[in-house]
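Trainee: The following file, data04.csv, comprises CSV, C-alpha atoms and all ligand atoms:
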```csv
chain,number,residue,atom,x,y,z
M,27,MET,CA,-42.5,29.4,-10.9
M,28,MET,CA,-40.7,27.3,-8.3
M,29,GLU,CA,-37.2,28.4,-7.6
M,30,ALA,CA,-34.4,25.9,-8.0
M,31,SER,CA,-33.0,24.8,-4.7
M,32,LEU,CA,-29.3,25.5,-3.9
M,33,LEU,CA,-27.0,22.6,-4.3
M,34,LYS,CA,-25.8,21.2,-1.0
M,35,LEU,CA,-22.4,19.6,-0.7
M,36,TYR,CA,-21.7,17.5,2.3
M,37,ILE,CA,-18.0,17.4,3.2
M,38,GLY,CA,-15.7,16.2,6.0
M,39,ASN,CA,-12.9,18.0,7.8
M,40,LYS,CA,-11.0,20.2,5.2
M,41,ASN,CA,-7.6,19.3,6.6
M,42,TYR,CA,-8.1,15.6,6.1
M,43,SER,CA,-10.9,14.9,3.6
M,44,SER,CA,-9.3,14.4,0.3
M,45,TRP,CA,-12.4,13.1,-1.4
M,46,SER,CA,-14.4,16.1,-0.2
M,47,MET,CA,-11.8,18.5,-1.6
M,48,ARG,CA,-12.4,17.5,-5.2
M,49,PRO,CA,-16.0,18.5,-5.8
M,50,TRP,CA,-15.7,21.5,-3.4
M,51,VAL,CA,-12.8,23.0,-5.4
M,52,LEU,CA,-14.6,22.1,-8.7
M,53,LEU,CA,-17.7,24.0,-7.6
M,54,LYS,CA,-15.7,27.0,-6.3
M,55,GLN,CA,-13.5,27.2,-9.4
M,56,ALA,CA,-16.5,26.9,-11.7
M,57,GLY,CA,-18.3,29.6,-9.8
M,58,ILE,CA,-21.3,27.4,-9.2
M,59,ALA,CA,-23.3,28.4,-6.1
M,60,PHE,CA,-23.7,25.8,-3.4
M,61,GLU,CA,-24.2,25.4,0.3
M,62,GLU,CA,-21.5,23.6,2.2
M,63,VAL,CA,-22.5,21.3,5.0
M,64,MET,CA,-19.5,20.2,7.0
M,65,VAL,CA,-19.9,17.0,8.9
M,66,ARG,CA,-17.0,16.6,11.4
M,67,PHE,CA,-15.1,13.4,11.4
M,68,ASP,CA,-15.6,12.3,15.0
M,69,SER,CA,-15.0,8.7,13.9
M,70,PHE,CA,-16.2,6.4,11.1
M,71,GLU,CA,-17.8,3.9,13.6
M,72,ALA,CA,-21.4,3.0,12.9
M,73,ASP,CA,-22.6,4.9,16.0
M,74,SER,CA,-20.5,8.1,15.3
M,75,GLN,CA,-22.2,11.4,14.8
M,76,PHE,CA,-20.6,11.4,11.3
M,77,LYS,CA,-22.2,8.1,10.3
M,78,ARG,CA,-25.5,8.9,11.9
M,79,ALA,CA,-25.8,12.2,10.0
M,80,LEU,CA,-24.8,10.8,6.6
M,81,ILE,CA,-26.4,7.4,6.6
M,82,GLU,CA,-29.9,9.0,6.4
M,83,LEU,CA,-28.8,10.8,3.2
M,84,SER,CA,-26.5,8.4,1.4
M,85,PRO,CA,-26.3,4.6,1.2
M,86,THR,CA,-22.6,4.6,1.8
M,87,GLY,CA,-22.6,7.1,4.7
M,88,LYS,CA,-19.5,8.8,3.2
M,89,VAL,CA,-18.5,12.3,2.0
M,90,PRO,CA,-18.6,13.9,-0.4
M,91,LEU,CA,-22.3,13.8,-1.0
M,92,LEU,CA,-24.1,16.2,-3.4
M,93,VAL,CA,-27.8,16.9,-2.8
M,94,ASP,CA,-29.7,18.7,-5.6
M,95,GLY,CA,-33.4,18.9,-4.5
M,96,ASP,CA,-34.6,15.3,-4.2
M,97,ILE,CA,-31.5,13.9,-6.0
M,98,ALA,CA,-28.6,12.6,-3.9
M,99,VAL,CA,-25.3,11.9,-5.7
M,100,TRP,CA,-22.6,10.1,-3.8
M,101,ASP,CA,-19.1,9.1,-4.9
M,102,THR,CA,-16.8,11.7,-6.4
M,103,LEU,CA,-16.8,10.7,-10.0
M,104,ALA,CA,-20.5,10.5,-10.1
M,105,ILE,CA,-20.7,14.0,-8.6
M,106,ALA,CA,-18.3,15.4,-11.1
M,107,GLU,CA,-20.3,13.8,-14.0
M,108,TYR,CA,-23.6,15.1,-12.5
M,109,LEU,CA,-22.2,18.7,-12.3
M,110,ALA,CA,-20.7,18.5,-15.9
M,111,GLU,CA,-24.2,17.5,-17.1
M,112,ALA,CA,-26.1,20.0,-15.0
M,113,PHE,CA,-23.8,22.9,-16.0
M,114,PRO,CA,-22.7,22.3,-19.6
M,115,GLU,CA,-21.9,26.0,-20.0
M,116,LYS,CA,-19.1,25.6,-17.4
M,117,GLN,CA,-17.2,23.2,-19.6
M,118,LEU,CA,-16.1,21.1,-16.6
M,119,TRP,CA,-14.5,18.4,-18.9
M,120,PRO,CA,-12.2,19.4,-21.8
M,121,LYS,CA,-14.1,20.4,-24.9
M,122,ASP,CA,-12.1,18.2,-27.3
M,123,THR,CA,-13.3,14.6,-27.5
M,124,LYS,CA,-9.8,13.1,-27.4
M,125,ALA,CA,-8.7,15.3,-24.5
M,126,ARG,CA,-12.0,14.5,-22.7
M,127,ALA,CA,-11.5,10.8,-23.1
M,128,HIS,CA,-8.0,11.2,-21.7
M,129,ALA,CA,-9.2,13.4,-18.8
M,130,ARG,CA,-11.9,10.8,-17.9
M,131,SER,CA,-9.3,8.1,-18.0
M,132,VAL,CA,-6.9,9.8,-15.7
M,133,CYS,CA,-9.7,10.7,-13.2
M,134,ALA,CA,-10.8,7.0,-13.2
M,135,GLU,CA,-7.1,6.0,-12.7
M,136,MET,CA,-6.9,8.4,-9.7
M,137,HIS,CA,-10.2,7.2,-8.4
M,138,SER,CA,-9.2,3.6,-8.2
M,139,GLY,CA,-5.4,3.8,-8.1
M,140,PHE,CA,-2.4,5.3,-6.4
M,141,SER,CA,-3.2,3.3,-3.3
M,142,ALA,CA,0.4,3.1,-2.0
M,143,LEU,CA,0.7,6.9,-2.1
M,144,ARG,CA,-2.7,7.4,-0.6
M,145,GLY,CA,-2.1,4.9,2.1
M,146,ALA,CA,1.4,6.1,3.2
M,147,CYS,CA,0.8,9.8,2.7
M,148,PRO,CA,-2.7,10.7,3.8
M,149,MET,CA,-3.8,14.2,3.2
M,150,ASN,CA,-3.0,16.5,6.1
M,151,ILE,CA,-2.9,20.0,4.8
M,152,GLU,CA,-1.7,21.8,8.0
M,153,ALA,CA,1.1,19.3,8.6
M,154,SER,CA,4.7,19.5,7.3
M,155,LEU,CA,6.2,16.0,7.2
M,156,PRO,CA,9.3,16.0,4.9
M,157,ASP,CA,11.1,13.5,7.0
M,158,ILE,CA,8.2,11.1,6.8
M,159,GLY,CA,8.1,11.6,3.0
M,160,ALA,CA,11.8,10.7,2.8
M,161,LEU,CA,11.3,7.6,4.9
M,162,VAL,CA,8.3,6.4,3.0
M,163,LEU,CA,10.1,6.8,-0.3
M,164,ARG,CA,13.0,4.9,1.1
M,165,ASP,CA,11.0,2.0,2.5
M,166,GLN,CA,7.9,1.7,0.3
M,167,PRO,CA,8.8,1.2,-3.4
M,168,GLY,CA,5.1,1.4,-4.3
M,169,VAL,CA,5.0,5.0,-3.2
M,170,GLY,CA,7.9,5.9,-5.5
M,171,ALA,CA,6.2,4.0,-8.3
M,172,ASP,CA,3.0,6.0,-7.8
M,173,LEU,CA,5.0,9.2,-7.7
M,174,ASN,CA,6.8,8.3,-11.0
M,175,ARG,CA,3.5,7.5,-12.6
M,176,LEU,CA,2.0,10.8,-11.5
M,177,ALA,CA,5.1,12.7,-12.8
M,178,GLU,CA,4.8,10.8,-16.1
M,179,LEU,CA,1.1,11.4,-16.4
M,180,TRP,CA,1.1,15.1,-15.5
M,181,GLY,CA,4.3,15.8,-17.4
M,182,GLY,CA,2.9,14.2,-20.5
M,183,VAL,CA,-0.5,15.9,-20.4
M,184,LEU,CA,1.1,19.3,-19.7
M,185,ALA,CA,3.4,19.0,-22.6
M,186,ARG,CA,0.5,18.2,-25.0
M,187,HIS,CA,-1.6,21.1,-24.0
M,188,ASP,CA,-1.0,24.8,-23.7
M,189,GLY,CA,-1.6,25.1,-20.0
M,190,PRO,CA,-1.8,26.5,-17.5
M,191,PHE,CA,-3.7,23.4,-16.3
M,192,LEU,CA,-3.6,19.8,-17.4
M,193,TYR,CA,-6.0,20.2,-20.3
M,194,GLY,CA,-5.5,24.0,-20.8
M,195,ASP,CA,-8.2,25.7,-18.7
M,196,PHE,CA,-9.1,24.3,-15.3
M,197,THR,CA,-11.2,21.1,-15.5
M,198,ILE,CA,-12.4,18.2,-13.4
M,199,ALA,CA,-9.0,16.6,-13.8
M,200,ASP,CA,-7.2,19.4,-12.0
M,201,ALA,CA,-9.8,19.2,-9.2
M,202,TYR,CA,-9.3,15.5,-9.1
M,203,PHE,CA,-5.5,15.8,-8.5
M,204,ALA,CA,-5.7,18.7,-6.1
M,205,PRO,CA,-5.5,16.5,-3.0
M,206,VAL,CA,-2.5,14.8,-4.5
M,207,VAL,CA,-0.9,18.2,-4.8
M,208,MET,CA,-1.5,18.7,-1.1
M,209,ARG,CA,0.2,15.4,-0.3
M,210,ILE,CA,3.2,16.2,-2.4
M,211,ARG,CA,3.6,19.4,-0.4
M,212,THR,CA,3.0,18.0,3.0
M,213,TYR,CA,5.5,15.2,2.5
M,214,ALA,CA,7.9,17.2,0.3
M,215,LEU,CA,7.9,14.5,-2.3
M,216,PRO,CA,10.3,15.2,-5.2
M,217,VAL,CA,8.8,15.9,-8.6
M,218,PRO,CA,10.3,17.2,-11.9
M,219,ALA,CA,10.4,21.0,-12.5
M,220,ALA,CA,7.4,21.1,-14.9
M,221,VAL,CA,5.3,19.2,-12.4
M,222,ASP,CA,6.4,21.5,-9.5
M,223,ALA,CA,5.4,24.5,-11.6
M,224,TYR,CA,2.0,22.9,-12.1
M,225,ILE,CA,1.7,22.3,-8.4
M,226,GLY,CA,2.4,26.0,-7.8
M,227,ARG,CA,-0.4,27.0,-10.2
M,228,VAL,CA,-2.9,24.6,-8.6
M,229,CYS,CA,-2.1,26.0,-5.1
M,230,ALA,CA,-2.6,29.5,-6.4
M,231,LEU,CA,-6.1,28.8,-7.7
M,232,PRO,CA,-8.6,30.8,-5.6
M,233,GLY,CA,-10.7,27.7,-5.0
M,234,VAL,CA,-7.7,25.7,-3.8
M,235,LYS,CA,-6.5,28.6,-1.7
M,236,ALA,CA,-9.9,28.9,-0.1
M,237,TRP,CA,-9.9,25.2,0.8
M,238,ILE,CA,-6.4,25.4,2.3
M,239,ASP,CA,-7.4,28.5,4.3
M,240,GLY,CA,-10.5,26.5,5.6
M,241,ALA,CA,-8.3,23.6,6.5
M,242,LEU,CA,-5.8,25.8,8.4
M,243,ALA,CA,-8.6,27.5,10.3
M,244,GLU,CA,-10.1,24.2,11.5
M,245,GLN,CA,-7.5,23.5,14.2
M,246,ASP,CA,-9.1,20.1,14.8
M,247,PHE,CA,-6.5,17.4,15.4
M,248,LEU,CA,-8.0,14.0,14.8
M,249,ALA,CA,-5.8,11.2,16.2
M,250,PHE,CA,-7.4,8.6,14.0
M,251,GLU,CA,-6.4,10.5,10.9
M,252,GLU,CA,-2.8,11.0,12.1
M,253,PRO,CA,-0.5,8.1,11.6
M,254,TYR,CA,2.6,10.3,12.1
M,255,ARG,CA,1.8,13.2,14.6
M,256,LEU,CA,0.9,12.9,18.2
M,257,SER,CA,-0.4,16.5,18.4
M,258,ARG,CA,-0.6,19.6,16.3
M,301,LIG,N1,-15.2,6.5,-3.4
M,301,LIG,C1,-15.7,7.5,-2.5
M,301,LIG,C2,-14.8,7.6,-1.3
M,301,LIG,C3,-15.3,8.5,-0.3
M,301,LIG,C4,-14.6,8.4,1.1
M,301,LIG,O1,-14.0,7.4,1.4
M,301,LIG,N2,-14.8,9.4,1.9
M,301,LIG,C5,-14.2,9.4,3.3
M,301,LIG,C6,-13.8,10.7,3.7
M,301,LIG,S1,-12.5,11.4,2.7
M,301,LIG,C7,-15.3,8.9,4.2
M,301,LIG,O2,-16.4,9.4,4.1
M,301,LIG,N3,-15.1,7.9,5.0
M,301,LIG,C8,-16.0,7.4,5.9
M,301,LIG,C9,-15.9,5.9,6.0
M,301,LIG,O3,-15.0,5.3,5.4
M,301,LIG,O4,-16.8,5.3,6.6
M,301,LIG,C10,-15.8,8.8,-3.3
M,301,LIG,O5,-15.1,8.9,-4.3
M,301,LIG,O6,-16.5,9.7,-2.9
```
What would you get if you wrote out this structure as structure tokens?
Ligand SMILES: N[C@@H](CCC(=O)N[C@@H](CS)C(=O)NCC(=O)O)C(=O)O
Mentor:
Amino acid sequence: MMEASLLKLYIGNKNYSSWSMRPWVLLKQAGIAFEEVMVRFDSFEADSQFKRALIELSPTGKVPLLVDGDIAVWDTLAIAEYLAEAFPEKQLWPKDTKARAHARSVCAEMHSGFSALRGACPMNIEASLPDIGALVLRDQPGVGADLNRLAELWGGVLARHDGPFLYGDFTIADAYFAPVVMRIRTYALPVPAAVDAYIGRVCALPGVKAWIDGALAEQDFLAFEEPYRLSR
């Protein structure tokens, strides 16, 4: 019998790559074995090492990319759905149909929304930028609106389920918001107490801690990912 090949997840720099963080944390938390292939962000130009390595494997040349034997899955939502289908016993989406529909909706909302927050507060795990957070909130109303929406969304879902995570046990939705949790911490963005407690629980997850440790160990300052710092 042929042995199934190990899943391969291509990711970018852990300090900066918010999209990569989602499926990586999901796989770790679910206890699904995979091989991590880190493709350093030298730049996103067509002739960069990054692009040259990825364009052979994926039509978008972006991370994350999941390779399962001869199947390549790109784009985070598609990866999450593929994993949920491939590992039904892991219950990656909530079990309840209504909760599952809601979780899919919030992940889709995250996938295509929150652009003001994402643009003004890029993920940078090792950085501490509370002053920038305060300035951004003062000068960019869209960021405050995104933050309010997040607090409303998380607060509402947490109040409807028994916790500790959004839909009870850890699901794709928590992995989906993990990079936002990182941003809220880096930029010290204010959130209500219940949301702050949720953030603490997300940061304490072994899979999230392992990603943070990896990000801190990188020590790889990339100027093109740094709108606010001149050096580490
Ligand atoms: N919609 C994509 C976005 C992926 C994405 O933009 N990844 C960034 C790194 S976090 C990337 O690879 N950028 C390279 C580029 O823009 O060329 C997904 O969900 O996976």
Trainee: Give me the residues of chain M that have any atom at most 7 Å from an atom of ligand LIG 301 (chain M); for each, the nearest atom pair and the distance in Å, rounded to one decimal. Use only C-alpha atoms and all ligand atoms, sort by chain and number, and format it as JSON lines.
Mentor:
```
{"residue": "M:Gly38", "atom": "CA", "partner": "M:LIG301", "partner_atom": "C6", "distance": 6.3}
{"residue": "M:Tyr42", "atom": "CA", "partner": "M:LIG301", "partner_atom": "S1", "distance": 7.0}
{"residue": "M:Ser43", "atom": "CA", "partner": "M:LIG301", "partner_atom": "S1", "distance": 4.0}
{"residue": "M:Ser44", "atom": "CA", "partner": "M:LIG301", "partner_atom": "S1", "distance": 5.0}
{"residue": "M:Trp45", "atom": "CA", "partner": "M:LIG301", "partner_atom": "S1", "distance": 4.4}
{"residue": "M:Ser46", "atom": "CA", "partner": "M:LIG301", "partner_atom": "S1", "distance": 5.8}
{"residue": "M:Phe70", "atom": "CA", "partner": "M:LIG301", "partner_atom": "O4", "distance": 4.7}
{"residue": "M:Gly87", "atom": "CA", "partner": "M:LIG301", "partner_atom": "O4", "distance": 6.4}
{"residue": "M:Lys88", "atom": "CA", "partner": "M:LIG301", "partner_atom": "O2", "distance": 3.3}
{"residue": "M:Val89", "atom": "CA", "partner": "M:LIG301", "partner_atom": "O2", "distance": 4.2}
{"residue": "M:Pro90", "atom": "CA", "partner": "M:LIG301", "partner_atom": "O6", "distance": 5.3}
{"residue": "M:Trp100", "atom": "CA", "partner": "M:LIG301", "partner_atom": "O6", "distance": 6.2}
{"residue": "M:Asp101", "atom": "CA", "partner": "M:LIG301", "partner_atom": "O6", "distance": 3.3}
{"residue": "M:Thr102", "atom": "CA", "partner": "M:LIG301", "partner_atom": "O5", "distance": 3.9}
{"residue": "M:Leu103", "atom": "CA", "partner": "M:LIG301", "partner_atom": "O5", "distance": 6.2}
{"residue": "M:His137", "atom": "CA", "partner": "M:LIG301", "partner_atom": "O5", "distance": 6.6}
```
Trainee: Take the residues that were just selected and, keeping C-alpha atoms, output them as a JSON list (two decimals), in the coordinates of the input.
Mentor:
```json
[["chain", "number", "residue", "atom", "x", "y", "z"],
["M", 38, "GLY", "CA", -15.70, 16.20, 6.00],
["M", 42, "TYR", "CA", -8.10, 15.60, 6.10],
["M", 43, "SER", "CA", -10.90, 14.90, 3.60],
["M", 44, "SER", "CA", -9.30, 14.40, 0.30],
["M", 45, "TRP", "CA", -12.40, 13.10, -1.40],
["M", 46, "SER", "CA", -14.40, 16.10, -0.20],
["M", 70, "PHE", "CA", -16.20, 6.40, 11.10],
["M", 87, "GLY", "CA", -22.60, 7.10, 4.70],
["M", 88, "LYS", "CA", -19.50, 8.80, 3.20],
["M", 89, "VAL", "CA", -18.50, 12.30, 2.00],
["M", 90, "PRO", "CA", -18.60, 13.90, -0.40],
["M", 100, "TRP", "CA", -22.60, 10.10, -3.80],
["M", 101, "ASP", "CA", -19.10, 9.10, -4.90],
["M", 102, "THR", "CA", -16.80, 11.70, -6.40],
["M", 103, "LEU", "CA", -16.80, 10.70, -10.00],
["M", 137, "HIS", "CA", -10.20, 7.20, -8.40]]
```
Trainee: Find, counting all atoms listed in the file, the residue in M:Pro120, M:Gly57, M:Pro114, M:Pro148 that gets nearest to Tyr213 (chain M).
Mentor: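 Looking only at the distances to Tyr213 (chain M), the closest residue turns out to be M:Pro148.
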Trainee: Can you list, as a PyMOL selection string, every protein, DNA or RNA residue that comes within 9 Å of region 184-194 of chain M when you count all atoms listed in the file, leaving out same-chain residues fewer than 6 positions away?
Mentor: chain M and resi 119-120+125-126+129+200+220-221+224+227-228
Trainee: One number please: CA of Asp94 (chain M) to CA of Lys34 (chain M), in Å, one decimal.
Mentor: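 For CA of Asp94 (chain M) relative to CA of Lys34 (chain M), the distance reads 6.5 Å.
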Trainee: Give the answer as one residue: which of M:Cys147, M:Val51, M:Ala106, M:Met208 has the shortest atom-to-atom distance to Leu118 (chain M), using all atoms listed in the file?
Mentor: M:Ala106
Trainee: With only C-alpha atoms as the basis for distance, which of M:Leu91, M:Asn41, M:Leu215, M:Leu179 is at the shortest distance from Leu242 (chain M)?
Mentor: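 Closest to Leu242 (chain M), using only C-alpha atoms: M:Asn41.
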